[in-house]
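> Okay, handing you the structure first.
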Amino acid sequence: MSGSPGRREAGLPSPAALRRVSELRDSIARHDHLYHVLDAPEIADGEYDRLFAELVSLEATHPGLADPDSPTQRVGGAPVEGFSEVAHDVPMLSLANAFDEAGVAEFDRRVRDRLEIGEGEEVEYVAETKLDGIAVSLRYEGGRLAVAATRGDGTRGEDVTSNVRTIRSIPLRLRGAGVPASLEVRGEIYLPLDRFARLNEEQRERGEREFVNPRNAAAGGLRQLDPRETRSRRLMFFCHGAGDASGVPSAGTHLDLLRRLNEWGLRTSPDVRAIRGVDGCIAYYREIEARRPTLGYQIDGVVYKVNRLEDQRRLGAVSRAPRWALAHKFPAEEAVTRLLGIDIQVGRTGSLTPVARLEPVFVGGVTVTNATLHNQDEIERKDVRVGDRVVVRRAGDVIPQVLRVVDAERRNPEAPTFAMPSACPACGAPVVRVEGQAATRCTAGLGCPAQRKEAIRHFASRRAMDIEGIGEKLVDQLVETRLPGTETRLVGTVADLYRLNECRDEIVALDRMGELSTVNLLEAIEDSRGLPLPRFLYALGIPEVGEATAASLARHFGKLFRIREADEAALAEVRDVGPIVAGHVAAFFRDELNRSVVDDLMVAARPAPVPVERPEPEDEAAPLPLAGEVVVLTGALSAMTRDEARDRLLVLGARVTGSVSKRTTLVVCGENPGSKRDRAEALGIRTLDEADFLEFLEGT
Ligand code: IVH
């Protein structure tokens with residue numbers, strides 16, 4: 001036997017080490033609380049990591065200091081074989097549901113009847129968000145997290161303590177004064193949406209199955225046999241009550257209780273609020289519904305709870321739900337229906353989108369008959385086939401989408417897999433799929449009627465030229481309706497919009513149009529003239545050029561013609577414009593058809609000239625021979641250039657314009673006159689071929 005060993009060799013800590021370890025544990029617990037519960041960190045992540053590393057190292061040198069509640073122990077204990085059962089002292093109830101305002105009013109009436117509250121008075125409720133997560137019960141004994149359990153069947157759940165200990169927003173020890181000797185806290189474990197997205201991205205990269213929704217991912221995370229797996233999911237927690245609040249000092253109301261729990265270090269929702277009566281409930285519901293897309297986590301409704309705990313006790317519970325609480329649910333965002341067919345939609349930039357034709361289904365508060373299937377890859381990944389039963393999701397204003405197939409094994413084994421067509425369904429032009437891109441595109445550009453329609457719709461949209469009244473139906477009609485007796489359409493390109501005032505009668509005759517809506521439409525078109533360059537540029541619908549990029553381009557170049565002539569290198573110098581966008585812009589303006597549309601637009605859509613007061617001529621000169629004539633030149637002339645012809649006409653007093661309108665009095669047609677002649681004929685305007693024109697000039 002050797003002599004008495006020194007403290008250090010025996011692993012016994014010095015008083016200084018002891019103090020430091022306890023300091024570090026307190027400090028880390030405090031920073032965990034600041035970061036995960038209060039969302040108000042005081043130190044940088046690096047500093048936190050240093051404190052943590054110091055504690056890990058001290059605990060390693062002094063095994064005698066081990067403590068299961070040390071923050072280092074959150075990393076998770078050893079994997080388990082399975083979960084043992086936990087009996088809930090107080091059953092974990094569920095909630096009664098309401099799906100509309102009538103249901104809320106009924107709930108309020110029942111509460112008032114039972115509490116004998118008179119007509120003139122309102123019940124005070126606490127309103128909360130209804131988290132779509134996993135219900136858990138956390139038992140704290142002597143302020144320390146002792147047992148965490150899932151809800152299970154309400155009376156017995158699974159012991160998930162080691163996994164729950166890895167969740168940083170759940171304190172291992174409660175802090176502050178007045179913590180009861182025994183306290184059971186209830187709340188919801190959930191996965192924030194950004195983490196869910198990242199998790200699925202990782203699953204994809206690993207070639208593993210994606211999670212269906214954040215709730216499933218959270219449930220799976222919580223039920224991992226290896227706590228380290230749970231930790232890596234980075235789950236979060238909100239508490240919304242206690243199993244039995246009677247042990248909580250000076251808590252007269254549910255709001256008091258939540259405040260207390262929060263003081264002790266438990267994370268409560270920032271959106272909890274006391275409200276009054278049915279009106280208060282409905283106002284809260286609407287507010288949360290509007291904010292739902294920005295919350296960062298999934299909720300499936302709101303919960304109203306009678307605030308006074310004494311009233312809650314008087315009300316009690318029926319079967320599995322308390323009488324003092326109500327879940328006011330949002331319309332379900334997912335539903336199952338049958339895929340009847342797959343249509344192909346051609347977008348503004350020519351991309352072909354497969355669209356699911358569905359058996360009508362009520363989802364997200366509306367009846368849905370179509371949903372996007374995104375692209376060929378997505379259809380293959382989900383292995384969607386016509387006839388399948390599919391899950392459709394419609395959340396907020398987002399377009400409905402097909403999420404997945406249900407019962408794929410029960411489908412007709414003969415059902416063919418989907419293939420993209422090789423020709424554009426709108427115009428028959430060949431389609432291409434660029435290497436490395438998901439989209440299949442029609443190659444016809446503005447030559448494709450579907451792309452034309454989309455281009456016009458985009459051009460007129462609110463954030464572009466803001467032409468009110470140009471909806472989908474009207475665009476279809478404008479693009480499809482021919483001018484009487486011609487092949488010319490009312491609107492072939494966006495520039496034609498500015499000539500529509502000459503087609504008033506044709507517009508009035510369109511379906512769902514009348515005198516008044518026609519006047520309104522034409523006025524809206526007039527009002528859109530002369531909008532600033534960024535809007536105009538955005539309205540052109542150049543692929544990848546959104547409002548911000550349009551504004552940058554406009555700021556950098558100042559004038560449209562400079563952007564038009566800029567090469568890719570010059571374009572890429574613009575702030576926020578990378579080589580891809582630069583390539584799109586350059587390609588757009590290289591395209592012949594686009595160039596001619598923009599040319600045309602520059603003339604047709606420029607602001608109407610402000611009438612200028614002209615001084616009366618001193619003495620009446622003889623009127624010029626072509627005064628009052630409005631002439632359009634089109635096609636190639638052989639005896640002179642168009643500019644020469646134009647000059648001759650101007651000298652003779654004519655006005656020469658670029659486009660045929662009702663004000664046009666004469667159209668001169670050279671070789672290959674194109675649509676302007678059709679338009680002139682449609683409008684009953686006199687046309688002259690070159691020979692007639694030369695004769696006409698002779699005669700003046
Ligand atoms: S109170 C006895 N409040 O919704 C009262 N529950 O559909 C029971 N839930 O099992 C719970 N957010 O898991 C309450 N703010 C909230 C809630 C909430 C989500 C869950 C809870 C419950 C389920 C009932």
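Residue numbering restarts at 1 in every chain; chains get A, B, ... in the order shown in the structure tokens, and ligands count up from 1 in that same order.
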Using only C-alpha atoms, I'd like a table of the residues in region 455-560 of chain A that come within 8 Å of region 583-601 of chain A; for each, show the closest atom pair and its distance in Å rounded to one decimal, ordered by chain and ascending number, as JSON lines.

{"residue": "A:Thr493", "atom": "CA", "partner": "A:Val597", "partner_atom": "CA", "distance": 6.8}
{"residue": "A:Val494", "atom": "CA", "partner": "A:Leu601", "partner_atom": "CA", "distance": 7.4}
{"residue": "A:Ala495", "atom": "CA", "partner": "A:Leu601", "partner_atom": "CA", "distance": 4.7}
{"residue": "A:Ile542", "atom": "CA", "partner": "A:Val585", "partner_atom": "CA", "distance": 6.4}
{"residue": "A:Pro543", "atom": "CA", "partner": "A:His584", "partner_atom": "CA", "distance": 6.1}
{"residue": "A:Glu544", "atom": "CA", "partner": "A:His584", "partner_atom": "CA", "distance": 7.2}
{"residue": "A:Val545", "atom": "CA", "partner": "A:Val585", "partner_atom": "CA", "distance": 7.8}
> Go ahead and write the residues just picked, N, CA and C atoms, as a short mmCIF file (atom, residue, chain, number, x, y, z; two decimals), in the first residue's frame.

data_model
loop_
_atom_site.label_atom_id
_atom_site.label_comp_id
_atom_site.auth_asym_id
_atom_site.auth_seq_id
_atom_site.Cartn_x
_atom_site.Cartn_y
_atom_site.Cartn_z
N THR A 493 -49.28 41.12 -79.40
CA THR A 493 -48.18 41.36 -78.47
C THR A 493 -48.62 42.43 -77.48
N VAL A 494 -47.83 42.61 -76.43
CA VAL A 494 -48.22 43.59 -75.41
C VAL A 494 -48.39 44.99 -76.00
N ALA A 495 -47.66 45.30 -77.07
CA ALA A 495 -47.78 46.64 -77.65
C ALA A 495 -49.19 46.89 -78.17
N ILE A 542 -38.57 39.39 -68.64
CA ILE A 542 -37.31 38.72 -68.97
C ILE A 542 -37.06 37.65 -67.91
N PRO A 543 -36.74 36.42 -68.33
CA PRO A 543 -36.55 35.37 -67.32
C PRO A 543 -35.54 35.81 -66.25
N GLU A 544 -35.85 35.51 -65.02
CA GLU A 544 -34.99 35.79 -63.86
C GLU A 544 -34.88 37.28 -63.52
N VAL A 545 -35.60 38.14 -64.21
CA VAL A 545 -35.54 39.56 -63.86
C VAL A 545 -36.78 39.93 -63.06
#
> Using only C-alpha atoms and all ligand atoms, which protein or nucleic acid residues are at most 6 Å from ligand 1, as a ChimeraX atom specification?
/A:93-95,128-132,135,188,240,303,322
> Take the residues from that selection and put them in a file with N, CA, C and O atoms, as a CSV table (one decimal), in the first residue's frame.

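Once everything was written out, this is out23.csv:
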chain,number,residue,atom,x,y,z
A,93,LEU,N,-55.6,15.2,-21.5
A,93,LEU,CA,-56.8,15.2,-22.3
A,93,LEU,C,-56.6,15.8,-23.7
A,93,LEU,O,-55.5,16.3,-23.9
A,94,SER,N,-57.6,15.7,-24.5
A,94,SER,CA,-57.4,16.4,-25.8
A,94,SER,C,-58.4,17.6,-25.8
A,94,SER,O,-59.0,17.9,-24.7
A,95,LEU,N,-58.6,18.2,-26.9
A,95,LEU,CA,-59.4,19.4,-26.9
A,95,LEU,C,-60.7,19.2,-27.8
A,95,LEU,O,-60.6,18.5,-28.8
A,128,GLU,N,-54.4,31.2,-27.3
A,128,GLU,CA,-53.0,30.7,-27.6
A,128,GLU,C,-53.0,30.1,-29.0
A,128,GLU,O,-54.0,29.8,-29.5
A,129,THR,N,-51.8,30.0,-29.5
A,129,THR,CA,-51.7,29.3,-30.8
A,129,THR,C,-51.8,27.8,-30.5
A,129,THR,O,-51.4,27.3,-29.5
A,130,LYS,N,-52.3,27.0,-31.5
A,130,LYS,CA,-52.4,25.6,-31.3
A,130,LYS,C,-51.2,24.9,-32.1
A,130,LYS,O,-51.3,24.8,-33.3
A,131,LEU,N,-50.2,24.6,-31.4
A,131,LEU,CA,-49.0,24.1,-32.0
A,131,LEU,C,-49.2,22.7,-32.6
A,131,LEU,O,-49.8,21.8,-31.9
A,132,ASP,N,-48.7,22.5,-33.8
A,132,ASP,CA,-48.9,21.1,-34.4
A,132,ASP,C,-47.6,20.4,-34.2
A,132,ASP,O,-46.8,20.2,-35.0
A,135,ALA,N,-47.4,16.3,-28.1
A,135,ALA,CA,-47.7,16.7,-26.7
A,135,ALA,C,-46.7,15.9,-25.7
A,135,ALA,O,-46.6,14.7,-25.9
A,188,GLU,N,-45.7,21.3,-25.9
A,188,GLU,CA,-45.6,20.7,-27.2
A,188,GLU,C,-44.2,20.8,-27.7
A,188,GLU,O,-43.5,21.8,-27.7
A,240,HIS,N,-47.6,24.9,-22.4
A,240,HIS,CA,-48.9,25.6,-22.5
A,240,HIS,C,-49.8,25.3,-21.3
A,240,HIS,O,-51.0,25.5,-21.3
A,303,VAL,N,-56.2,28.1,-29.6
A,303,VAL,CA,-56.9,27.5,-28.5
A,303,VAL,C,-57.4,28.6,-27.5
A,303,VAL,O,-56.7,29.6,-27.3
A,322,PRO,N,-61.6,18.9,-21.7
A,322,PRO,CA,-62.1,19.8,-20.7
A,322,PRO,C,-63.2,20.7,-21.3
A,322,PRO,O,-63.2,21.0,-22.5
> Given only C-alpha atoms as the basis, pick out the residue of A:Ser169, A:Leu18, A:Asp244, A:Arg441 nearest to Asp39 (chain A).
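Nearest candidate to Asp39 (chain A) out of A:Ser169, A:Leu18, A:Asp244, A:Arg441: A:Ser169.
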> Using only C-alpha atoms, which protein or nucleic acid residues come within 9 Å of region 207-215 of chain A? Drop anything in the same chain fewer than 5 positions from it, and give the result as a list in words.
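My list of contacting residues is Asp132, Gly133, Ile134, Ile189, Tyr190, Leu191, Pro192, Leu193, Arg195, Phe196, Ala197, Leu199, Asn200, Glu201, Glu202, Gly220, Tyr297, Gln298, Leu403 and Arg404 of chain A.
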> Might you pull out every residue within 6 Å of region 373-387 of chain A, with only C-alpha atoms counted and same-chain residues fewer than 4 positions away left off, and present them as a list of chain:residue names?
A:Leu339, A:Leu340, A:Gly341, A:Thr353, A:Pro354, A:Val355, A:Val402, A:Arg404, A:Thr417
> Once you have the residues from the selection above, write them out as a PDB file, in the first residue's frame, restricted to N, CA, C and O atoms.

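Produced file again-v1.pdb, reproduced below:
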ATOM      1  N   LEU A 339     -56.258  11.468 -58.565  1.00  0.00           N
ATOM      2  CA  LEU A 339     -55.640  12.145 -59.706  1.00  0.00           C
ATOM      3  C   LEU A 339     -56.340  11.674 -60.982  1.00  0.00           C
ATOM      4  O   LEU A 339     -56.235  10.506 -61.372  1.00  0.00           O
ATOM      5  N   LEU A 340     -57.057  12.599 -61.625  1.00  0.00           N
ATOM      6  CA  LEU A 340     -57.846  12.210 -62.806  1.00  0.00           C
ATOM      7  C   LEU A 340     -57.031  12.290 -64.086  1.00  0.00           C
ATOM      8  O   LEU A 340     -57.294  11.593 -65.051  1.00  0.00           O
ATOM      9  N   GLY A 341     -56.052  13.183 -64.097  1.00  0.00           N
ATOM     10  CA  GLY A 341     -55.249  13.320 -65.309  1.00  0.00           C
ATOM     11  C   GLY A 341     -54.122  14.300 -65.070  1.00  0.00           C
ATOM     12  O   GLY A 341     -54.076  14.955 -64.033  1.00  0.00           O
ATOM     13  N   THR A 353     -45.253  22.987 -67.254  1.00  0.00           N
ATOM     14  CA  THR A 353     -45.523  22.495 -65.903  1.00  0.00           C
ATOM     15  C   THR A 353     -46.623  21.442 -65.953  1.00  0.00           C
ATOM     16  O   THR A 353     -47.709  21.724 -66.438  1.00  0.00           O
ATOM     17  N   PRO A 354     -46.341  20.247 -65.446  1.00  0.00           N
ATOM     18  CA  PRO A 354     -47.413  19.266 -65.350  1.00  0.00           C
ATOM     19  C   PRO A 354     -48.367  19.646 -64.220  1.00  0.00           C
ATOM     20  O   PRO A 354     -47.923  19.936 -63.112  1.00  0.00           O
ATOM     21  N   VAL A 355     -49.640  19.695 -64.535  1.00  0.00           N
ATOM     22  CA  VAL A 355     -50.640  20.093 -63.553  1.00  0.00           C
ATOM     23  C   VAL A 355     -51.607  18.933 -63.331  1.00  0.00           C
ATOM     24  O   VAL A 355     -52.130  18.362 -64.288  1.00  0.00           O
ATOM     25  N   VAL A 402     -49.347  18.611 -55.296  1.00  0.00           N
ATOM     26  CA  VAL A 402     -49.505  17.202 -54.969  1.00  0.00           C
ATOM     27  C   VAL A 402     -48.272  16.781 -54.188  1.00  0.00           C
ATOM     28  O   VAL A 402     -47.153  16.932 -54.664  1.00  0.00           O
ATOM     29  N   ARG A 404     -47.797  13.602 -52.384  1.00  0.00           N
ATOM     30  CA  ARG A 404     -47.372  12.210 -52.502  1.00  0.00           C
ATOM     31  C   ARG A 404     -48.558  11.323 -52.834  1.00  0.00           C
ATOM     32  O   ARG A 404     -49.705  11.750 -52.764  1.00  0.00           O
ATOM     33  N   THR A 417     -46.327   5.213 -66.467  1.00  0.00           N
ATOM     34  CA  THR A 417     -45.621   6.333 -65.843  1.00  0.00           C
ATOM     35  C   THR A 417     -45.766   7.551 -66.752  1.00  0.00           C
ATOM     36  O   THR A 417     -46.013   7.426 -67.951  1.00  0.00           O
TER      37      THR A 417
END
> List the neighbours of Arg452 (chain A) out to 12 Å using only C-alpha atoms; skip same-chain residues closer than 2 positions along the sequence, and give me the result as number ranges by chain.
A: 346-350, 426-427, 444-450, 454-459, 475-476, 478-480, 489, 491-496, 540-541, 593-594, 597
